[in-house]
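**Q** Structure file my_file_23.txt, compact mmCIF, C-alpha atoms and all ligand atoms, is pasted below:
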```txt
# COMPACT_ATOMS: atom_id res chain seq x y z
CA MET A 21 0.00 0.00 0.00
CA THR A 22 1.31 3.41 -0.89
CA ASN A 23 0.60 6.39 1.25
CA THR A 24 -1.60 8.28 -1.20
CA SER A 25 -4.69 8.33 0.96
CA THR A 26 -3.50 11.05 3.33
CA LEU A 27 -5.68 13.77 1.85
CA GLU A 28 -8.68 11.47 1.85
CA ASP A 29 -8.01 10.56 5.50
CA THR A 30 -7.83 14.23 6.39
CA LEU A 31 -11.13 14.90 4.64
CA ILE A 32 -12.79 12.01 6.40
CA THR A 33 -11.49 13.16 9.79
CA THR A 34 -12.72 16.68 9.07
CA GLU A 35 -16.12 15.36 8.10
CA VAL A 36 -16.46 13.41 11.32
CA ASP A 37 -16.01 16.66 13.24
CA LEU A 38 -18.91 18.32 11.43
CA PRO A 39 -22.41 18.14 12.91
CA LEU A 40 -24.50 15.38 11.38
CA GLY A 41 -27.57 16.14 9.30
CA PRO A 42 -30.87 14.28 9.67
CA THR A 43 -29.70 11.57 7.26
CA GLY A 44 -26.81 10.73 9.60
CA ARG A 45 -24.26 12.09 7.15
CA PRO A 46 -22.26 15.28 7.69
CA ARG A 47 -24.58 18.28 7.33
CA ARG A 48 -24.26 19.92 3.92
CA GLU A 49 -25.15 23.44 2.92
CA PHE A 50 -25.87 24.04 -0.75
CA PRO A 51 -25.16 27.44 -2.26
CA VAL A 52 -27.77 29.78 -3.67
CA PRO A 53 -27.73 28.94 -7.38
CA PRO A 54 -26.23 31.44 -9.81
CA GLU A 55 -28.60 33.71 -11.70
CA LEU A 56 -29.49 32.63 -15.20
CA ARG A 57 -28.98 34.88 -18.20
CA GLY A 58 -31.53 33.09 -20.38
CA HIS A 59 -34.03 30.27 -20.08
CA GLY A 60 -34.33 26.72 -21.38
CA PRO A 61 -33.95 24.06 -22.48
CA ALA A 62 -35.80 22.59 -19.51
CA ARG A 63 -34.72 19.67 -17.39
CA VAL A 64 -37.70 17.41 -16.93
CA ILE A 65 -38.18 15.71 -13.57
CA ALA A 66 -40.93 13.17 -12.89
CA LEU A 67 -42.06 12.89 -9.26
CA CYS A 68 -42.92 9.27 -9.00
CA ASN A 69 -43.96 6.66 -6.45
CA GLN A 70 -46.78 4.22 -7.07
CA LYS A 71 -47.78 4.60 -3.43
CA GLY A 72 -50.29 7.36 -2.70
CA GLY A 73 -49.93 9.94 0.05
CA VAL A 74 -46.12 10.02 0.14
CA GLY A 75 -45.70 13.70 -0.76
CA LYS A 76 -45.45 13.72 -4.57
CA THR A 77 -47.93 16.54 -5.09
CA THR A 78 -46.73 18.53 -2.07
CA THR A 79 -43.15 18.24 -3.33
CA THR A 80 -44.12 19.23 -6.89
CA VAL A 81 -45.84 22.41 -5.66
CA ASN A 82 -43.23 23.46 -3.13
CA LEU A 83 -40.08 22.45 -5.01
CA GLY A 84 -41.52 24.21 -8.06
CA ALA A 85 -42.25 27.37 -6.07
CA ALA A 86 -38.79 27.26 -4.44
CA LEU A 87 -37.08 26.89 -7.83
CA ALA A 88 -39.11 29.86 -9.06
CA THR A 89 -37.92 32.00 -6.13
CA TYR A 90 -34.38 31.25 -7.33
CA GLY A 91 -35.24 32.75 -10.70
CA ARG A 92 -35.91 29.50 -12.53
CA ARG A 93 -38.83 29.39 -14.96
CA VAL A 94 -40.82 26.35 -13.88
CA LEU A 95 -43.68 24.46 -15.53
CA LEU A 96 -45.68 21.99 -13.45
CA ILE A 97 -47.58 19.18 -15.19
CA ASP A 98 -50.54 17.72 -13.35
CA PHE A 99 -50.40 14.10 -14.51
CA ASP A 100 -52.84 12.63 -12.03
CA PRO A 101 -56.54 12.43 -13.04
CA GLN A 102 -57.40 13.32 -9.42
CA GLY A 103 -56.11 16.81 -10.25
CA ALA A 104 -54.63 17.32 -6.78
CA LEU A 105 -51.79 19.49 -8.09
CA SER A 106 -54.25 21.79 -9.84
CA ALA A 107 -56.38 21.94 -6.68
CA ASN A 108 -53.30 22.64 -4.54
CA LEU A 109 -52.63 25.73 -6.63
CA LYS A 110 -56.31 26.67 -6.98
CA VAL A 111 -56.19 26.77 -10.78
CA GLU A 112 -59.20 26.32 -13.02
CA THR A 113 -59.73 22.76 -14.32
CA ASP A 114 -63.26 22.92 -15.75
CA ASP A 115 -63.90 24.51 -19.15
CA VAL A 116 -60.17 24.96 -19.78
CA SER A 117 -57.64 23.05 -21.86
CA THR A 118 -55.84 20.39 -19.85
CA ILE A 119 -52.96 17.99 -20.33
CA TYR A 120 -55.48 15.41 -21.59
CA GLU A 121 -56.27 17.44 -24.71
CA LEU A 122 -52.61 17.95 -25.42
CA LEU A 123 -52.02 14.19 -25.20
CA LEU A 124 -54.82 13.49 -27.64
CA GLY A 125 -53.76 16.16 -30.10
CA SER A 126 -50.04 16.48 -29.56
CA GLU A 127 -49.80 18.80 -32.60
CA ARG A 128 -51.65 21.52 -30.62
CA ASP A 129 -49.54 24.30 -29.14
CA PRO A 130 -49.28 23.44 -25.43
CA GLN A 131 -49.51 27.17 -24.70
CA VAL A 132 -53.32 26.89 -24.91
CA ALA A 133 -53.30 24.82 -21.72
CA ILE A 134 -50.64 26.67 -19.71
CA GLN A 135 -51.92 28.75 -16.79
CA GLN A 136 -49.93 31.11 -14.61
CA THR A 137 -50.07 30.56 -10.87
CA GLN A 138 -49.95 33.34 -8.30
CA ILE A 139 -46.18 32.66 -7.95
CA PRO A 140 -44.14 34.60 -10.54
CA GLY A 141 -42.25 32.21 -12.79
CA LEU A 142 -44.39 29.21 -11.85
CA ASP A 143 -46.80 27.93 -14.52
CA ILE A 144 -48.97 24.83 -14.66
CA ILE A 145 -50.77 22.62 -17.14
CA PRO A 146 -53.76 21.34 -15.16
CA ALA A 147 -55.56 18.02 -15.22
CA ASN A 148 -58.99 16.80 -14.32
CA ILE A 149 -60.79 13.46 -14.29
CA ASP A 150 -60.81 13.37 -18.14
CA LEU A 151 -57.18 12.25 -17.90
CA SER A 152 -58.35 8.88 -16.56
CA ALA A 153 -59.53 8.07 -20.11
CA ALA A 154 -56.10 8.80 -21.57
CA GLU A 155 -54.65 5.35 -20.99
CA VAL A 156 -57.45 3.77 -23.02
CA HIS A 157 -57.01 6.28 -25.85
CA LEU A 158 -53.24 6.02 -25.90
CA VAL A 159 -53.19 2.23 -26.15
CA ASN A 160 -53.88 2.40 -29.89
CA GLU A 161 -51.43 5.22 -30.61
CA VAL A 162 -48.14 4.76 -32.43
CA ALA A 163 -45.26 5.31 -29.97
CA ARG A 164 -47.84 5.67 -27.22
CA GLU A 165 -45.17 5.82 -24.51
CA HIS A 166 -43.70 9.01 -26.00
CA THR A 167 -46.87 11.10 -26.27
CA LEU A 168 -46.09 13.36 -23.29
CA ALA A 169 -42.47 13.74 -24.43
CA ARG A 170 -43.73 15.06 -27.78
CA VAL A 171 -45.90 17.63 -25.97
CA LEU A 172 -43.13 18.80 -23.63
CA ARG A 173 -40.57 19.16 -26.40
CA ARG A 174 -42.66 22.03 -27.74
CA VAL A 175 -42.39 24.10 -24.52
CA SER A 176 -38.94 23.06 -23.34
CA ASP A 177 -37.26 26.25 -24.60
CA ARG A 178 -39.44 28.48 -22.44
CA TYR A 179 -38.62 26.82 -19.09
CA ASP A 180 -35.64 25.80 -16.97
CA VAL A 181 -37.37 22.99 -15.10
CA ILE A 182 -40.50 20.97 -15.82
CA LEU A 183 -41.89 18.93 -12.90
CA ILE A 184 -44.39 16.14 -13.60
CA ASP A 185 -46.66 15.13 -10.71
CA CYS A 186 -47.39 11.45 -11.42
CA GLN A 187 -50.41 9.47 -10.32
CA PRO A 188 -49.91 6.63 -7.81
CA SER A 189 -49.52 3.82 -10.36
CA LEU A 190 -46.95 2.45 -12.77
CA GLY A 191 -49.35 2.41 -15.72
CA LEU A 192 -49.06 3.98 -19.17
CA LEU A 193 -49.39 7.57 -17.90
CA THR A 194 -46.45 7.12 -15.54
CA VAL A 195 -44.43 5.37 -18.26
CA ASN A 196 -45.13 8.44 -20.45
CA ALA A 197 -43.83 10.68 -17.65
CA LEU A 198 -40.67 8.56 -17.29
CA SER A 199 -40.14 8.55 -21.06
CA ALA A 200 -40.34 12.35 -21.12
CA ALA A 201 -38.04 12.87 -18.11
CA ASP A 202 -34.34 13.45 -17.59
CA GLY A 203 -34.63 12.46 -13.95
CA VAL A 204 -36.96 10.82 -11.47
CA LEU A 205 -37.41 12.19 -7.97
CA VAL A 206 -38.85 9.57 -5.63
CA PRO A 207 -40.54 10.90 -2.49
CA LEU A 208 -40.54 8.29 0.30
CA GLU A 209 -42.73 8.70 3.36
CA CYS A 210 -40.69 7.91 6.47
CA GLU A 211 -42.89 5.18 7.88
CA TYR A 212 -42.39 1.51 8.63
CA PHE A 213 -43.21 0.18 5.14
CA ALA A 214 -41.44 3.02 3.30
CA LEU A 215 -39.19 0.70 1.30
CA ARG A 216 -41.90 -1.70 0.27
CA GLY A 217 -42.54 -1.28 -3.45
CA VAL A 218 -39.40 0.77 -4.07
CA ALA A 219 -37.66 -2.19 -5.75
CA LEU A 220 -40.52 -2.46 -8.25
CA LEU A 221 -40.35 1.27 -8.90
CA LEU A 222 -36.59 1.13 -9.50
CA GLN A 223 -37.05 -1.83 -11.86
CA THR A 224 -39.62 0.15 -13.83
CA ILE A 225 -37.25 3.12 -14.05
CA GLU A 226 -34.50 0.82 -15.29
CA LYS A 227 -36.76 -0.77 -17.90
CA VAL A 228 -37.84 2.63 -19.21
CA HIS A 229 -34.18 3.67 -19.28
CA ASP A 230 -33.20 0.56 -21.26
CA ARG A 231 -36.11 0.45 -23.68
CA LEU A 232 -37.56 3.92 -24.08
CA ASN A 233 -35.39 6.74 -22.72
CA ASP A 234 -31.67 6.28 -22.20
CA LYS A 235 -31.23 9.77 -20.72
CA LEU A 236 -33.41 8.90 -17.71
CA GLU A 237 -31.61 8.83 -14.36
CA LEU A 238 -32.56 8.77 -10.71
CA ALA A 239 -32.46 12.42 -9.62
CA GLY A 240 -32.71 11.35 -6.00
CA ILE A 241 -34.80 9.88 -3.20
CA LEU A 242 -36.48 12.39 -0.91
CA ALA A 243 -37.37 11.42 2.64
CA THR A 244 -40.69 13.09 3.48
CA MET A 245 -42.93 13.32 6.56
CA HIS A 246 -39.98 12.58 8.80
CA ASP A 247 -40.44 12.76 12.55
CA GLY A 248 -36.97 13.20 14.02
CA ARG A 249 -38.33 13.40 17.57
CA THR A 250 -39.21 9.70 17.72
CA LEU A 251 -36.82 6.76 17.72
CA HIS A 252 -39.03 5.12 15.11
CA GLY A 253 -38.74 8.10 12.77
CA ARG A 254 -34.97 8.15 13.10
CA GLN A 255 -34.71 4.38 12.55
CA VAL A 256 -36.80 4.47 9.39
CA LEU A 257 -34.65 7.24 7.92
CA GLU A 258 -31.53 5.31 8.90
CA ARG A 259 -32.81 2.28 6.97
CA VAL A 260 -33.62 4.36 3.90
CA VAL A 261 -30.10 5.88 3.92
CA GLU A 262 -28.59 2.42 4.43
CA ALA A 263 -30.48 1.12 1.38
CA PHE A 264 -29.70 4.13 -0.86
CA PRO A 265 -26.61 5.86 0.55
CA GLU A 266 -25.82 7.77 -2.63
CA GLN A 267 -29.31 8.58 -3.81
CA VAL A 268 -31.01 10.03 -0.72
CA PHE A 269 -31.09 13.84 -0.69
CA HIS A 270 -29.36 15.46 2.29
CA THR A 271 -32.48 17.58 2.58
CA VAL A 272 -35.21 15.87 4.58
CA ILE A 273 -38.82 17.06 4.77
CA SER A 274 -40.27 16.91 8.28
CA ARG A 275 -43.83 16.01 9.13
CA THR A 276 -45.74 19.16 9.96
CA VAL A 277 -49.34 20.25 9.92
CA ARG A 278 -48.28 23.33 7.96
CA PHE A 279 -48.42 21.25 4.74
CA PRO A 280 -52.09 20.22 4.96
CA GLU A 281 -52.78 23.85 5.93
CA THR A 282 -51.13 25.16 2.78
CA THR A 283 -53.06 22.63 0.69
CA ALA A 284 -56.26 24.09 2.09
CA ALA A 285 -54.99 27.61 1.42
CA GLY A 286 -54.19 26.70 -2.20
CA GLU A 287 -50.70 28.15 -1.95
CA PRO A 288 -47.13 26.81 -1.75
CA ILE A 289 -45.64 26.85 1.76
CA THR A 290 -42.81 29.04 0.44
CA SER A 291 -45.28 31.92 0.08
CA TYR A 292 -47.95 30.92 2.66
CA ALA A 293 -45.44 30.57 5.51
CA SER A 294 -42.16 31.57 3.93
CA SER A 295 -40.13 31.56 7.15
CA SER A 296 -41.43 28.15 8.33
CA VAL A 297 -39.17 25.12 8.64
CA GLY A 298 -41.06 23.41 5.80
CA ALA A 299 -40.52 26.33 3.43
CA GLY A 300 -36.83 26.37 4.33
CA ALA A 301 -36.60 22.64 3.63
CA TYR A 302 -38.05 22.97 0.14
CA ARG A 303 -35.73 25.89 -0.63
CA ALA A 304 -32.84 23.68 0.54
CA LEU A 305 -34.09 20.88 -1.71
CA ALA A 306 -34.18 23.29 -4.67
CA ARG A 307 -30.57 24.34 -3.96
CA GLU A 308 -29.47 20.72 -3.54
CA LEU A 309 -31.13 19.67 -6.79
CA LEU A 310 -29.55 22.54 -8.72
CA ALA A 311 -26.14 21.81 -7.15
CA ARG A 312 -26.39 18.14 -8.13
CA TRP A 313 -27.64 19.05 -11.53
CA PRO A 314 -25.95 22.25 -12.73
CA ALA A 315 -27.46 24.10 -15.69
CA ARG A 316 -26.56 22.73 -19.08
P1 LIG B 401 -49.16 12.15 -2.97
O1 LIG B 401 -49.18 13.18 -4.04
O2 LIG B 401 -47.92 11.30 -3.00
O3 LIG B 401 -50.39 11.32 -2.93
P2 LIG B 401 -49.50 14.41 -1.17
O4 LIG B 401 -48.40 15.35 -1.48
O5 LIG B 401 -50.83 14.73 -1.74
O6 LIG B 401 -49.07 12.92 -1.55
O7 LIG B 401 -49.59 14.30 0.41
C1 LIG B 401 -50.60 13.51 1.04
C2 LIG B 401 -51.12 14.26 2.25
O8 LIG B 401 -50.08 14.45 3.19
C3 LIG B 401 -51.65 15.65 1.93
O9 LIG B 401 -52.77 15.90 2.73
C4 LIG B 401 -50.52 16.58 2.33
O10 LIG B 401 -50.98 17.85 2.75
C5 LIG B 401 -49.89 15.82 3.48
N1 LIG B 401 -48.45 16.06 3.58
C6 LIG B 401 -47.54 16.09 2.57
N2 LIG B 401 -46.31 16.31 3.03
C7 LIG B 401 -46.42 16.44 4.37
C8 LIG B 401 -45.49 16.67 5.45
N3 LIG B 401 -44.19 16.83 5.21
N4 LIG B 401 -45.97 16.71 6.71
C9 LIG B 401 -47.29 16.54 6.94
N5 LIG B 401 -48.21 16.33 6.00
C10 LIG B 401 -47.80 16.26 4.73
MG MG B 402 -50.60 13.40 -5.62
```
Since I need it in another form, could you write the structure as structure tokens?
Ligand code: ADP
Ligand code: MG
**A**
Amino acid sequence: MTNTSTLEDTLITTEVDLPLGPTGRPRREFPVPPELRGHGPARVIALCNQKGGVGKTTTTVNLGAALATYGRRVLLIDFDPQGALSANLKVETDDVSTIYELLLGSERDPQVAIQQTQIPGLDIIPANIDLSAAEVHLVNEVAREHTLARVLRRVSDRYDVILIDCQPSLGLLTVNALSAADGVLVPLECEYFALRGVALLLQTIEKVHDRLNDKLELAGILATMHDGRTLHGRQVLERVVEAFPEQVFHTVISRTVRFPETTAAGEPITSYASSSVGAGAYRALARELLARWPAR
């Protein structure tokens, strides 16, 4: 053995001296991202977990709003027929163009369906229950897995980030989201069965990568609804980090009643309670994501 590892040893020793973050690794601070001179082409991120109630929609809204506060132009895609994302931002879903129409007529200019939210720089294409018919319609399409990708390509130049809020399933809509995406962000609720089903999700991501979209990568796993005050909460997070040491974001989202409150208010937490811990966490997630994934 040569003695080339001195620097590494020093770094490791230094790290041990730093305070630990909630994931049990040395706490990391991510810098405020540099200002952009222009916009686009967008990075597309699908928020995906076939389990419901894990924080996909909450993360789409609040990560999107946080990215917008850092000067990024952000487009949110509601890709769940329940329309929770649209409801969370109190946008119109009846008598307006939705993502469903764009899927059926992908030659239409997506601009007809884009709505501005009350957050500057944050736009959305809404969905409503019509989207539940999309899978049936798409089955007979040529290249049916790439329908959403064709739609998003037409708006990519106007945005820096596009976030797709997936429905809780691994069906054709979600496969469309994965085929259109550069990265997948997987929110995991910190509870006892958190890891159940994750293997299937990762297999699906790998299959889409191999067969449909070779630019797809795992953008990261986000621990949500974490309760650091209980031993159970800490143990669950420990297990998640053990299973995915490289992929788990340093940023962890705590469980707090402020999130259901903001849902009711129809506003992101970053504007509803901008100095709250939850708002700070989503701003940290935005910085971490941009640091991991610098602008092209
Ligand atoms: P999904 O989109 O995965 O189904 P949601 O984002 O809709 O999950 O979250 C499910 C419910 O949990 C919502 O009522 C939401 O307000 C609430 N929630 C989300 N994140 C948190 C959190 N960190 N702490 C407490 N409640 C949360
Ligand atoms: Mg949802």
**Q** In terms of the shortest atom-to-atom distance over only C-alpha atoms, which of A:Val228, A:Val204, A:Leu215, A:Leu222 is closest to Leu183 (chain A)?
**A**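 Closest candidate: A:Val204.
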**Q** Which of these residues is nearest to ligand LIG 401 (chain B), using all atoms listed in the file: A:Gly141, A:Gly75, A:Pro288, A:Gly298?
**A** A:Gly75
**Q** Find the residues near ligand MG 402 (chain B). Use a cut-off of 8 Å, count all atoms listed in the file, and write them as a count of residues only.
**A** 15
**Q** Work out how far apart CA of His59 (chain A) and CA of Arg92 (chain A) are and give it in Å to one decimal.
**A**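 Between CA of His59 (chain A) and CA of Arg92 (chain A) the gap works out to 7.8 Å.
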**Q** Pick out the closest residue to Pro61 (chain A) from this set: A:Val74, A:Val181, A:Leu205, A:Ala304. Count only C-alpha atoms.
**A**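 When distances to Pro61 (chain A) are compared using only C-alpha atoms, the smallest one comes from A:Val181.
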**Q** Write out as a PyMOL selection string each polymer residue whose atoms come within 12 Å of Ala163 (chain A), counting all atoms listed in the file; drop sequence neighbours fewer than 3 positions from it.
**A** chain A and resi 158-160+166-170+192+195-196+199+232
**Q** Just give me the residues with any atom within 10 Å of (-37.3, 1.6, -7.2), file coordinates, counting all atoms listed in the file, written as a PyMOL selection string.
**A** chain A and resi 68-70+206+215-226+238+241
**Q** Counting all atoms listed in the file, what is within 9 Å of Asp177 (chain A), bar same-chain residues fewer than 3 positions away, as a list in words?
**A**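 With the cut-off at 9 Å, the set is His59, Gly60, Pro61, Ala62, Arg173, Arg174 and Asp180 of chain A.
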**Q** With 12 Å as the cut-off and only C-alpha atoms counted, what is the closest atom pair between each nearby residue of region 39-127 of chain A and region 267-271 of chain A? Distances in Å to one decimal, ordered by chain and number, as JSON lines.
**A**
```
{"residue": "A:Leu40", "atom": "CA", "partner": "A:His270", "partner_atom": "CA", "distance": 10.3}
{"residue": "A:Gly41", "atom": "CA", "partner": "A:His270", "partner_atom": "CA", "distance": 7.3}
{"residue": "A:Pro42", "atom": "CA", "partner": "A:His270", "partner_atom": "CA", "distance": 7.6}
{"residue": "A:Thr43", "atom": "CA", "partner": "A:His270", "partner_atom": "CA", "distance": 6.3}
{"residue": "A:Gly44", "atom": "CA", "partner": "A:His270", "partner_atom": "CA", "distance": 9.1}
{"residue": "A:Arg45", "atom": "CA", "partner": "A:His270", "partner_atom": "CA", "distance": 7.8}
{"residue": "A:Pro46", "atom": "CA", "partner": "A:His270", "partner_atom": "CA", "distance": 8.9}
{"residue": "A:Arg47", "atom": "CA", "partner": "A:His270", "partner_atom": "CA", "distance": 7.5}
{"residue": "A:Arg48", "atom": "CA", "partner": "A:His270", "partner_atom": "CA", "distance": 7.0}
{"residue": "A:Glu49", "atom": "CA", "partner": "A:His270", "partner_atom": "CA", "distance": 9.0}
{"residue": "A:Phe50", "atom": "CA", "partner": "A:His270", "partner_atom": "CA", "distance": 9.7}
{"residue": "A:Leu83", "atom": "CA", "partner": "A:Thr271", "partner_atom": "CA", "distance": 11.8}
```
**Q** Box for region 181-190 of chain A: with edges along x, y and z, all listed atoms inside and 3 Å added on each side, what are the centre and edge lengths in Å to one decimal, as JSON?
**A**
```
{"center_x": -43.9, "center_y": 12.7, "center_z": -11.8, "size_x": 19.0, "size_y": 26.5, "size_z": 14.0}
```
**Q** What gap, in Å, lies between atom O9 of ligand LIG 401 (chain B) and CA of Val256 (chain A)?
**A** 20.7 Å
**Q** Taking all atoms listed in the file into account, which of A:Asn82, A:Thr244, A:Ser152, A:Thr194 comes nearest ligand LIG 401 (chain B)?
**A**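 Closest residue, counting all atoms listed in the file: A:Thr244.
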**Q** Up to 12 Å from (-58.5, 16.6, -26.0) in the file's coordinates: name the residues, counting only C-alpha atoms, as number ranges by chain.
**A** A: 115-128, 130, 132-133, 147-148, 150-151, 153-154, 157-158
**Q** How many Å lie between CA of Asn233 (chain A) and CA of Tyr302 (chain A), rounded to one decimal?
**A**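 Atom-to-atom, CA of Asn233 (chain A) to CA of Tyr302 (chain A), that is 28.2 Å.
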**Q** Name the closest residue to ligand LIG 401 (chain B) among the candidates A:Tyr292, A:Tyr179, A:Phe264, A:Phe279; distances are taken between atoms, counting only C-alpha atoms and all ligand atoms.
**A** A:Phe279
**Q** Could you check which of A:Val162, A:Leu193, A:Leu67, A:Ala306 is closest to ligand LIG 401 (chain B), using all atoms listed in the file?
**A**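 The shortest atom-to-atom distance to ligand LIG 401 (chain B) comes from A:Leu67.
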